[in-house]
$ cat entry16.txt   # compact mmCIF, C-alpha atoms and all ligand atoms
# COMPACT_ATOMS: atom_id res chain seq x y z
CA MET A 1 -17.82 -17.81 -0.15
CA LYS A 2 -14.38 -16.58 -1.18
CA ILE A 3 -13.19 -17.12 -4.74
CA TYR A 4 -9.41 -16.94 -5.21
CA GLU A 5 -8.08 -16.02 -8.63
CA ARG A 6 -4.34 -15.77 -9.32
CA MET A 7 -2.97 -12.62 -10.88
CA GLY A 8 0.54 -11.19 -11.09
CA ASN A 9 3.29 -12.84 -9.01
CA GLY A 10 2.12 -14.60 -5.86
CA THR A 11 -0.99 -12.46 -5.77
CA PHE A 12 -4.66 -13.35 -5.43
CA LEU A 13 -7.70 -11.39 -6.50
CA VAL A 14 -10.27 -12.50 -3.92
CA THR A 15 -13.99 -12.15 -4.63
CA GLU A 16 -16.44 -12.27 -1.76
CA GLY A 17 -19.95 -11.18 -2.70
CA GLN A 18 -19.63 -7.85 -4.52
CA VAL A 19 -16.28 -7.03 -2.91
CA LYS A 20 -12.99 -7.80 -4.64
CA TYR A 21 -9.64 -7.39 -2.91
CA ILE A 22 -6.00 -8.39 -3.16
CA GLU A 23 -4.01 -10.76 -0.95
CA PHE A 24 -0.40 -11.96 -1.22
CA GLU A 25 0.69 -15.56 -1.00
CA CYS A 26 3.86 -14.81 1.00
CA LEU A 27 1.83 -13.05 3.71
CA ASN A 28 -1.04 -15.56 3.67
CA LYS A 29 1.42 -18.01 5.24
CA TYR A 30 0.99 -15.97 8.43
CA LYS A 31 -2.78 -15.66 8.31
CA ASP A 32 -3.14 -17.05 11.85
CA SER A 33 -1.50 -13.88 13.13
CA LEU A 34 -1.81 -11.35 10.29
CA ILE A 35 -4.62 -9.80 8.24
CA HIS A 36 -3.39 -8.00 5.13
CA CYS A 37 -5.22 -6.86 1.99
CA MET A 38 -5.68 -4.12 -0.53
CA SER A 39 -9.00 -2.96 -1.90
CA THR A 40 -9.92 -2.65 -5.60
CA ARG A 41 -12.59 -0.58 -7.39
CA SER A 42 -15.27 -3.20 -6.75
CA GLY A 43 -17.93 -3.71 -4.14
CA GLY A 44 -18.73 -0.22 -2.83
CA ILE A 45 -21.63 2.22 -3.18
CA SER A 46 -19.90 5.31 -4.58
CA THR A 47 -20.95 6.52 -8.01
CA GLY A 48 -19.53 8.37 -11.00
CA LYS A 49 -15.75 8.58 -11.11
CA TYR A 50 -15.60 7.06 -7.60
CA LYS A 51 -17.45 3.93 -8.65
CA SER A 52 -17.59 2.02 -6.53
CA MET A 53 -15.27 1.15 -3.61
CA ASN A 54 -13.73 4.59 -3.13
CA LEU A 55 -11.94 4.65 0.24
CA GLY A 56 -10.41 8.11 -0.13
CA PHE A 57 -11.76 10.95 2.01
CA SER A 58 -9.75 13.59 0.16
CA ARG A 59 -11.41 13.20 -3.24
CA ASN A 60 -14.70 15.08 -2.79
CA ASP A 61 -16.77 11.91 -2.72
CA LEU A 62 -19.67 11.95 -0.25
CA ARG A 63 -18.30 11.26 3.23
CA ASP A 64 -21.26 8.99 4.03
CA ASN A 65 -20.52 6.87 0.98
CA VAL A 66 -16.85 6.50 1.91
CA ASN A 67 -17.82 5.57 5.48
CA GLU A 68 -20.23 2.97 4.12
CA ASN A 69 -17.53 1.64 1.77
CA PHE A 70 -15.18 1.20 4.73
CA ALA A 71 -17.92 -0.61 6.65
CA LEU A 72 -18.62 -2.95 3.71
CA PHE A 73 -14.95 -3.60 3.03
CA CYS A 74 -13.92 -4.16 6.64
CA LYS A 75 -16.83 -6.52 7.29
CA THR A 76 -15.80 -8.57 4.24
CA VAL A 77 -12.15 -8.95 5.26
CA GLY A 78 -12.80 -9.40 8.99
CA LEU A 79 -11.62 -6.05 10.30
CA ASN A 80 -13.41 -3.89 12.85
CA THR A 81 -13.73 -0.28 11.61
CA ASP A 82 -12.99 0.93 15.16
CA SER A 83 -9.49 -0.54 14.85
CA LEU A 84 -8.40 1.60 11.87
CA VAL A 85 -5.52 4.08 12.02
CA MET A 86 -5.03 6.17 8.89
CA THR A 87 -2.23 8.15 7.33
CA ASN A 88 -2.86 11.63 5.95
CA GLN A 89 -0.36 11.39 3.14
CA VAL A 90 1.85 14.25 2.01
CA HIS A 91 4.33 12.40 -0.26
CA GLY A 92 6.94 12.61 2.49
CA THR A 93 9.04 10.06 4.36
CA LYS A 94 7.69 10.28 7.92
CA VAL A 95 6.71 6.91 9.41
CA CYS A 96 4.84 6.85 12.70
CA GLN A 97 4.66 4.02 15.23
CA VAL A 98 1.10 3.57 16.47
CA ASP A 99 -0.63 1.49 19.14
CA GLU A 100 -4.04 0.99 20.78
CA ALA A 101 -4.11 4.66 21.85
CA ASP A 102 -4.28 5.63 18.15
CA VAL A 103 -7.16 3.50 16.89
CA GLY A 104 -9.88 5.46 15.10
CA LYS A 105 -7.54 8.31 14.16
CA GLY A 106 -8.43 9.65 10.73
CA PHE A 107 -11.68 7.68 10.67
CA THR A 108 -13.88 7.91 13.77
CA ARG A 109 -12.00 10.87 15.24
CA GLU A 110 -9.61 13.71 14.48
CA SER A 111 -6.05 12.62 13.94
CA ASP A 112 -2.84 14.09 15.28
CA ILE A 113 -0.93 11.78 12.92
CA ILE A 114 -0.18 14.52 10.42
CA GLY A 115 2.27 14.63 7.53
CA VAL A 116 2.77 10.87 7.71
CA ASP A 117 3.13 8.47 4.76
CA GLY A 118 3.85 5.31 6.71
CA LEU A 119 2.66 3.55 9.85
CA CYS A 120 4.14 0.72 11.87
CA THR A 121 2.94 -1.25 14.86
CA SER A 122 3.72 -4.24 17.01
CA THR A 123 0.34 -4.03 18.77
CA PRO A 124 -2.22 -6.70 17.83
CA GLY A 125 -5.65 -5.34 16.96
CA VAL A 126 -4.38 -2.08 15.48
CA THR A 127 -5.13 -1.79 11.75
CA LEU A 128 -2.72 0.22 9.63
CA VAL A 129 -4.32 1.96 6.61
CA THR A 130 -2.65 3.74 3.68
CA PHE A 131 -4.23 5.11 0.47
CA HIS A 132 -3.23 4.41 -3.12
CA ALA A 133 -4.27 5.09 -6.72
CA ASP A 134 -0.97 4.36 -8.60
CA CYS A 135 1.48 5.03 -5.74
CA VAL A 136 3.30 1.94 -4.47
CA PRO A 137 1.94 0.27 -1.31
CA VAL A 138 4.84 -1.32 0.58
CA PHE A 139 3.78 -4.05 3.02
CA LEU A 140 6.44 -5.05 5.60
CA TYR A 141 6.03 -7.89 8.07
CA GLU A 142 8.52 -9.26 10.63
CA PRO A 143 7.02 -12.60 11.72
CA GLY A 144 9.60 -13.20 14.48
CA ILE A 145 8.39 -10.27 16.60
CA ASN A 146 4.96 -9.99 14.90
CA ALA A 147 5.37 -6.40 13.74
CA ALA A 148 4.16 -4.70 10.57
CA ALA A 149 4.60 -1.50 8.62
CA LEU A 150 2.69 -0.09 5.69
CA LEU A 151 4.11 2.64 3.46
CA HIS A 152 2.84 4.93 0.70
CA SER A 153 5.72 5.28 -1.75
CA GLY A 154 4.69 7.48 -4.66
CA TRP A 155 7.37 8.99 -6.85
CA LYS A 156 8.26 11.67 -4.30
CA GLY A 157 8.34 9.17 -1.44
CA THR A 158 10.43 6.81 -3.55
CA LEU A 159 12.83 9.59 -4.52
CA SER A 160 13.30 10.46 -0.83
CA ASN A 161 13.45 6.77 0.18
CA ILE A 162 10.52 6.21 2.53
CA ALA A 163 11.35 2.48 2.37
CA ALA A 164 14.56 3.09 4.33
CA CYS A 165 12.63 5.25 6.84
CA GLY A 166 10.11 2.44 7.35
CA ILE A 167 12.87 -0.08 8.03
CA ASP A 168 14.64 2.33 10.41
CA LYS A 169 11.36 2.68 12.33
CA LEU A 170 10.89 -1.10 12.55
CA LYS A 171 14.51 -1.48 13.70
CA GLN A 172 13.61 0.44 16.86
CA LEU A 173 11.35 -2.43 17.93
CA PRO A 174 13.00 -4.86 20.38
CA GLY A 175 14.10 -8.10 18.73
CA PHE A 176 13.65 -6.88 15.14
CA ASP A 177 15.69 -8.91 12.67
CA SER A 178 15.91 -7.62 9.09
CA ASP A 179 16.79 -11.16 7.92
CA ARG A 180 13.20 -12.18 8.70
CA LEU A 181 11.52 -9.14 7.16
CA ILE A 182 9.07 -9.93 4.34
CA VAL A 183 8.25 -7.15 1.91
CA VAL A 184 5.54 -6.93 -0.75
CA LEU A 185 5.32 -4.16 -3.33
CA GLY A 186 1.61 -4.09 -4.13
CA PRO A 187 -0.39 -3.05 -7.21
CA SER A 188 0.82 0.35 -8.46
CA ILE A 189 1.84 2.09 -11.66
CA ASP A 190 4.64 0.09 -13.22
CA PHE A 191 7.62 0.58 -15.55
CA CYS A 192 5.28 0.05 -18.52
CA CYS A 193 3.20 3.14 -17.70
CA PHE A 194 4.95 5.50 -15.27
CA GLU A 195 5.95 8.34 -17.57
CA VAL A 196 7.68 11.50 -16.39
CA SER A 197 9.15 14.62 -17.90
CA GLU A 198 12.86 15.40 -17.97
CA ASP A 199 12.97 17.34 -14.68
CA VAL A 200 11.65 14.36 -12.69
CA TYR A 201 13.91 11.96 -14.59
CA ILE A 202 16.96 14.09 -13.69
CA LEU A 203 16.03 14.09 -9.99
CA PHE A 204 15.95 10.29 -10.00
CA LYS A 205 19.01 9.79 -12.20
CA GLU A 206 21.12 11.92 -9.86
CA LYS A 207 20.24 9.62 -6.94
CA TYR A 208 19.82 6.28 -8.70
CA SER A 209 22.14 6.30 -11.67
CA ASN A 210 21.61 2.73 -12.88
CA ASN A 211 20.28 2.82 -16.46
CA GLU A 212 18.07 -0.24 -15.92
CA PHE A 213 15.57 1.94 -13.97
CA TYR A 214 14.87 4.21 -16.97
CA ARG A 215 13.60 3.97 -20.52
CA TYR A 216 13.54 6.90 -22.92
CA LYS A 217 10.20 7.22 -24.70
CA GLY A 218 10.92 10.16 -26.98
CA ASN A 219 9.70 13.78 -26.75
CA ALA A 220 11.70 14.34 -23.52
CA LYS A 221 9.65 11.70 -21.67
CA TRP A 222 11.03 8.83 -19.65
CA HIS A 223 9.54 5.79 -17.99
CA ILE A 224 10.79 5.09 -14.46
CA ASN A 225 10.77 1.73 -12.67
CA LEU A 226 9.67 2.82 -9.20
CA LYS A 227 9.38 -0.72 -7.87
CA GLY A 228 12.88 -1.48 -9.18
CA ILE A 229 14.23 1.53 -7.29
CA ILE A 230 12.36 0.56 -4.09
CA THR A 231 13.79 -2.95 -4.41
CA ARG A 232 17.28 -1.42 -4.62
CA GLN A 233 16.54 0.72 -1.54
CA LEU A 234 15.43 -2.37 0.40
CA LYS A 235 18.54 -4.32 -0.64
CA ASP A 236 20.71 -1.38 0.43
CA LYS A 237 19.05 -1.66 3.89
CA GLY A 238 20.12 -5.29 4.10
CA ILE A 239 16.79 -6.94 3.24
CA ASN A 240 17.15 -10.41 1.69
CA VAL A 241 16.32 -10.23 -1.99
CA GLU A 242 14.35 -13.49 -1.76
CA ASN A 243 12.08 -11.80 0.82
CA ILE A 244 11.22 -8.90 -1.50
CA ASN A 245 8.10 -9.68 -3.51
CA ASP A 246 6.95 -7.50 -6.42
CA CYS A 247 3.35 -8.40 -7.20
CA GLY A 248 3.98 -7.38 -10.82
CA ILE A 249 0.59 -5.72 -11.26
CA CYS A 250 0.24 -2.30 -12.89
CA THR A 251 -2.75 -0.25 -11.76
CA LYS A 252 -2.88 1.69 -15.05
CA CYS A 253 -2.77 -1.46 -17.20
CA ARG A 254 -5.40 -3.06 -14.93
CA ASN A 255 -7.53 0.06 -14.62
CA ASP A 256 -10.55 -2.26 -14.95
CA ILE A 257 -9.77 -3.61 -11.45
CA PHE A 258 -7.93 -0.70 -9.79
CA PHE A 259 -8.38 3.04 -9.46
CA SER A 260 -5.52 4.62 -11.38
CA TYR A 261 -4.75 8.33 -11.14
CA ARG A 262 -2.99 8.28 -14.50
CA GLY A 263 -5.36 5.76 -16.08
CA ASP A 264 -8.42 7.80 -15.11
CA LYS A 265 -6.70 11.14 -15.89
CA GLY A 266 -6.95 12.31 -12.29
CA LYS A 267 -10.70 11.71 -12.04
CA THR A 268 -10.65 8.69 -9.80
CA GLY A 269 -11.20 7.23 -6.37
CA SER A 270 -8.70 5.70 -3.98
CA MET A 271 -7.92 2.18 -2.86
CA ALA A 272 -6.61 1.43 0.61
CA ALA A 273 -4.07 -1.07 1.93
CA PHE A 274 -4.58 -2.71 5.34
CA MET A 275 -2.44 -4.65 7.83
CA GLN A 276 -3.41 -5.87 11.28
CA MET A 277 -1.88 -8.41 13.66
CA LYS A 278 -4.74 -10.40 15.08
CA ILE A 279 -5.43 -10.46 18.80
CA GLN A 280 -4.73 -14.06 19.73
CA GLY A 281 -7.48 -15.93 21.52
CA ALA A 282 -10.13 -13.38 20.53
CA SER A 283 -12.48 -13.55 17.61
CA ASN A 284 -11.83 -10.56 15.42
CA GLU A 285 -15.24 -9.15 16.30
CA GLU A 286 -13.89 -8.45 19.77
CA ASN A 287 -10.84 -6.50 18.67
CA PHE A 288 -11.43 -3.06 20.22
ZN ZN B 301 1.20 -0.49 -17.04
$ encode --input "entry16.txt" --output "structure tokens"
Amino acid sequence: MKIYERMGNGTFLVTEGQVKYIEFECLNKYKDSLIHCMSTRSGGISTGKYKSMNLGFSRNDLRDNVNENFALFCKTVGLNTDSLVMTNQVHGTKVCQVDEADVGKGFTRESDIIGVDGLCTSTPGVTLVTFHADCVPVFLYEPGINAAALLHSGWKGTLSNIAACGIDKLKQLPGFDSDRLIVVLGPSIDFCCFEVSEDVYILFKEKYSNNEFYRYKGNAKWHINLKGIITRQLKDKGINVENINDCGICTKCRNDIFFSYRGDKGKTGSMAAFMQMKIQGASNEENF
């Protein structure tokens, strides 16, 4: 049985057995064709600082535990683990289009998708996976052509505008219409908690001069509104402001639910974000 609990803006915390995950109302409208979700800390078998649903392979957790966490999580949300395609994130802006030839990359087999912080696909049955523990997950869905992209926009990716790169990649798909594009900025470190030193502040201020993105906290520290800047980047690419949804949830403030790199002082696990267009006419068990 699934229990839906509202949190943030248009966001649900879904509990199913031991597993808790996030869904967004604006994407649930398309649940006949789209599976989307983001994991939380809960429902896995990892221990210690990775307790319990650690989905990150790069954090020195036991590989078997992470594999088992993926199996548990995917079973809960109706995804086949064989359908996963993973980024290996480098805080860059490269977005890669993937299809059925790429399934399993980064999970069941070696990946040649290297140096990539975003994935997009228009192929049903292919599951896009990105990793997050404060960095902004950007979910993009174009319902008219049934295409999706998933981006990892940490501060470096935000500074170099991976959002624009993701939209440029989607624009290459036949029939893409930016007027229909729906965007969700998922749980990530928010304006309340994202503190940087002066050098990082200056890098941002040079590119995004608007004072509303910054708050001086004293002692040469600033807070930066990453989701505000990403929203500006999306608007600059012609995305309708009413189609841009900020879930309004801070991973550091809600460290009880989410892994937070800052909240856990670097000793933490990783969540993952998922998007897959369903294969029509097939039960999801049969997808690949
Ligand atoms: Zn916060």
$ atom_distance --input "entry16.txt" --atom1 "CA of Lys217 in chain A" --atom2 "CA of Pro187 in chain A"
22.9 Å
$ closest_residue --input "entry16.txt" --among "A:Met271, A:Cys26, A:Val14, A:Ile145" --to "Asn255 in chain A" --atoms "only C-alpha atoms"
A:Met271
$ closest_residue --input "entry16.txt" --among "A:Gly106, A:Gly118, A:Gly8, A:Gly48" --to "Met275 in chain A" --atoms "only C-alpha atoms"
A:Gly118
$ atom_distance --input "entry16.txt" --atom1 "CA of Cys253 in chain A" --atom2 "CA of Lys20 in chain A"
17.4 Å
$ residues_around --input "entry16.txt" --residues "range 150-165 of chain A" --least-positions-apart "2" --cutoff "6 Å" --atoms "only C-alpha atoms" --output "list of chain:residue names"
A:His91, A:Gly92, A:Thr93, A:Asp117, A:Gly118, A:Leu119, A:Cys135, A:Val136, A:Pro137, A:Val138, A:Phe139, A:Ile167, A:Asp168
$ write_last_selection --input "entry16.txt" --atoms "C-alpha atoms" --output "compact mmCIF listing (two decimals), keeping the file's coordinate frame"
# COMPACT_ATOMS: atom_id res chain seq x y z
CA HIS A 91 4.33 12.40 -0.26
CA GLY A 92 6.94 12.61 2.49
CA THR A 93 9.04 10.06 4.36
CA ASP A 117 3.13 8.47 4.76
CA GLY A 118 3.85 5.31 6.71
CA LEU A 119 2.66 3.55 9.85
CA CYS A 135 1.48 5.03 -5.74
CA VAL A 136 3.30 1.94 -4.47
CA PRO A 137 1.94 0.27 -1.31
CA VAL A 138 4.84 -1.32 0.58
CA PHE A 139 3.78 -4.05 3.02
CA ILE A 167 12.87 -0.08 8.03
CA ASP A 168 14.64 2.33 10.41
$ atom_distance --input "entry16.txt" --atom1 "CA of Ala71 in chain A" --atom2 "CA of Val98 in chain A"
21.8 Å
$ residues_near_ligand --input "entry16.txt" --ligand "ligand ZN 301 (chain B)" --cutoff "10 Å" --atoms "all atoms listed in the file" --output "number ranges by chain"
A: 134, 188-194, 248-255, 263
$ write_last_selection --input "entry16.txt" --atoms "C-alpha atoms" --output "mmCIF file, keeping the file's coordinate frame"
data_model
loop_
_atom_site.group_PDB
_atom_site.id
_atom_site.type_symbol
_atom_site.label_atom_id
_atom_site.label_comp_id
_atom_site.auth_asym_id
_atom_site.auth_seq_id
_atom_site.Cartn_x
_atom_site.Cartn_y
_atom_site.Cartn_z
ATOM 1 C CA ASP A 134 -0.970 4.360 -8.600
ATOM 2 C CA SER A 188 0.820 0.350 -8.460
ATOM 3 C CA ILE A 189 1.840 2.090 -11.660
ATOM 4 C CA ASP A 190 4.640 0.090 -13.220
ATOM 5 C CA PHE A 191 7.620 0.580 -15.550
ATOM 6 C CA CYS A 192 5.280 0.050 -18.520
ATOM 7 C CA CYS A 193 3.200 3.140 -17.700
ATOM 8 C CA PHE A 194 4.950 5.500 -15.270
ATOM 9 C CA GLY A 248 3.980 -7.380 -10.820
ATOM 10 C CA ILE A 249 0.590 -5.720 -11.260
ATOM 11 C CA CYS A 250 0.240 -2.300 -12.890
ATOM 12 C CA THR A 251 -2.750 -0.250 -11.760
ATOM 13 C CA LYS A 252 -2.880 1.690 -15.050
ATOM 14 C CA CYS A 253 -2.770 -1.460 -17.200
ATOM 15 C CA ARG A 254 -5.400 -3.060 -14.930
ATOM 16 C CA ASN A 255 -7.530 0.060 -14.620
ATOM 17 C CA GLY A 263 -5.360 5.760 -16.080
#
$ closest_residue --input "entry16.txt" --among "A:Glu212, A:Asp99, A:Leu55, A:Gln276" --to "Gly78 in chain A" --atoms "all atoms listed in the file"
A:Gln276
$ axis_aligned_box --input "entry16.txt" --around "range 2-13 of chain A" --padding-each-side "6 Å" --output "AutoDock Vina command-line options"
--center_x -5.5 --center_y -14.2 --center_z -6.1 --size_x 29.7 --size_y 17.9 --size_z 21.9
$ residues_around --input "entry16.txt" --residues "Lys205 in chain A" --least-positions-apart "4" --cutoff "12 Å" --atoms "all atoms listed in the file" --output "PyMOL selection string"
chain A and resi 159+198-201+209-215+222-225+229
$ write_last_selection --input "entry16.txt" --atoms "C-alpha atoms" --output "compact mmCIF listing (two decimals), in the coordinates of the input"
# COMPACT_ATOMS: atom_id res chain seq x y z
CA LEU A 159 12.83 9.59 -4.52
CA GLU A 198 12.86 15.40 -17.97
CA ASP A 199 12.97 17.34 -14.68
CA VAL A 200 11.65 14.36 -12.69
CA TYR A 201 13.91 11.96 -14.59
CA SER A 209 22.14 6.30 -11.67
CA ASN A 210 21.61 2.73 -12.88
CA ASN A 211 20.28 2.82 -16.46
CA GLU A 212 18.07 -0.24 -15.92
CA PHE A 213 15.57 1.94 -13.97
CA TYR A 214 14.87 4.21 -16.97
CA ARG A 215 13.60 3.97 -20.52
CA TRP A 222 11.03 8.83 -19.65
CA HIS A 223 9.54 5.79 -17.99
CA ILE A 224 10.79 5.09 -14.46
CA ASN A 225 10.77 1.73 -12.67
CA ILE A 229 14.23 1.53 -7.29
$ closest_residue --input "entry16.txt" --among "A:Arg109, A:Lys75, A:Lys267, A:Lys2" --to "Asp61 in chain A" --atoms "all atoms listed in the file"
A:Lys267
$ closest_residue --input "entry16.txt" --among "A:Met7, A:Ala147, A:Leu34, A:Ile45" --to "Ile22 in chain A" --atoms "all atoms listed in the file"
A:Met7
$ residues_around --input "entry16.txt" --residues "Glu100 in chain A" --least-positions-apart "4" --cutoff "8 Å" --atoms "only C-alpha atoms" --output "list in words"
Thr123, Gly125 and Val126 of chain A
$ write_last_selection --input "entry16.txt" --atoms "C-alpha atoms" --output "PDB file, in the frame of the given file"
ATOM      1  CA  THR A 123       0.340  -4.030  18.770  1.00  0.00           C
ATOM      2  CA  GLY A 125      -5.650  -5.340  16.960  1.00  0.00           C
ATOM      3  CA  VAL A 126      -4.380  -2.080  15.480  1.00  0.00           C
TER       4      VAL A 126
END
$ build_atoms --input "entry16.txt" --residues "range 90-112 of chain A" --atoms "N, CA, C and O atoms" --output "compact mmCIF listing (two decimals), in the frame of the given file"
# COMPACT_ATOMS: atom_id res chain seq x y z
N VAL A 90 1.33 13.00 2.57
CA VAL A 90 1.85 14.25 2.01
C VAL A 90 3.03 14.00 1.06
O VAL A 90 3.77 14.92 0.75
N HIS A 91 3.21 12.77 0.62
CA HIS A 91 4.33 12.40 -0.26
C HIS A 91 5.66 12.70 0.43
O HIS A 91 6.60 13.18 -0.20
N GLY A 92 5.70 12.43 1.73
CA GLY A 92 6.94 12.61 2.49
C GLY A 92 7.53 11.26 2.89
O GLY A 92 7.21 10.24 2.27
N THR A 93 8.36 11.29 3.94
CA THR A 93 9.04 10.06 4.36
C THR A 93 8.79 9.74 5.84
O THR A 93 9.43 8.84 6.38
N LYS A 94 7.91 10.49 6.49
CA LYS A 94 7.69 10.28 7.92
C LYS A 94 6.88 9.00 8.15
O LYS A 94 5.83 8.80 7.52
N VAL A 95 7.38 8.16 9.05
CA VAL A 95 6.71 6.91 9.41
C VAL A 95 6.46 6.96 10.91
O VAL A 95 7.36 7.28 11.69
N CYS A 96 5.24 6.68 11.31
CA CYS A 96 4.84 6.85 12.70
C CYS A 96 4.50 5.49 13.31
O CYS A 96 3.79 4.69 12.70
N GLN A 97 5.04 5.25 14.52
CA GLN A 97 4.66 4.02 15.23
C GLN A 97 3.36 4.27 15.99
O GLN A 97 3.24 5.28 16.69
N VAL A 98 2.40 3.38 15.84
CA VAL A 98 1.10 3.57 16.47
C VAL A 98 0.75 2.36 17.34
O VAL A 98 1.32 1.28 17.18
N ASP A 99 -0.19 2.58 18.28
CA ASP A 99 -0.63 1.49 19.14
C ASP A 99 -2.12 1.66 19.46
O ASP A 99 -2.80 2.46 18.80
N GLU A 100 -2.59 0.98 20.50
CA GLU A 100 -4.04 0.99 20.78
C GLU A 100 -4.56 2.39 21.12
O GLU A 100 -5.75 2.66 20.97
N ALA A 101 -3.68 3.29 21.55
CA ALA A 101 -4.11 4.66 21.85
C ALA A 101 -4.47 5.43 20.57
O ALA A 101 -5.09 6.50 20.64
N ASP A 102 -4.09 4.90 19.42
CA ASP A 102 -4.28 5.63 18.15
C ASP A 102 -5.46 5.14 17.33
O ASP A 102 -5.77 5.74 16.30
N VAL A 103 -6.11 4.05 17.75
CA VAL A 103 -7.16 3.50 16.89
C VAL A 103 -8.29 4.51 16.69
O VAL A 103 -8.64 5.26 17.59
N GLY A 104 -8.81 4.53 15.46
CA GLY A 104 -9.88 5.46 15.10
C GLY A 104 -9.37 6.77 14.50
O GLY A 104 -10.14 7.52 13.91
N LYS A 105 -8.07 7.03 14.64
CA LYS A 105 -7.54 8.31 14.16
C LYS A 105 -7.61 8.39 12.64
O LYS A 105 -7.13 7.51 11.94
N GLY A 106 -8.24 9.46 12.16
CA GLY A 106 -8.43 9.65 10.73
C GLY A 106 -9.74 9.06 10.24
O GLY A 106 -10.12 9.27 9.10
N PHE A 107 -10.43 8.31 11.10
CA PHE A 107 -11.68 7.68 10.67
C PHE A 107 -12.84 8.06 11.60
O PHE A 107 -13.73 8.79 11.22
N THR A 108 -12.79 7.58 12.85
CA THR A 108 -13.88 7.91 13.77
C THR A 108 -13.58 9.18 14.56
O THR A 108 -14.45 9.69 15.26
N ARG A 109 -12.33 9.64 14.51
CA ARG A 109 -12.00 10.87 15.24
C ARG A 109 -10.85 11.60 14.57
O ARG A 109 -10.14 11.04 13.73
N GLU A 110 -10.69 12.87 14.99
CA GLU A 110 -9.61 13.71 14.48
C GLU A 110 -8.29 13.02 14.72
O GLU A 110 -8.10 12.31 15.71
N SER A 111 -7.35 13.25 13.80
CA SER A 111 -6.05 12.62 13.94
C SER A 111 -4.97 13.64 14.22
O SER A 111 -4.98 14.74 13.66
N ASP A 112 -4.04 13.27 15.10
CA ASP A 112 -2.84 14.09 15.28
C ASP A 112 -1.66 13.44 14.56
O ASP A 112 -0.52 13.84 14.72
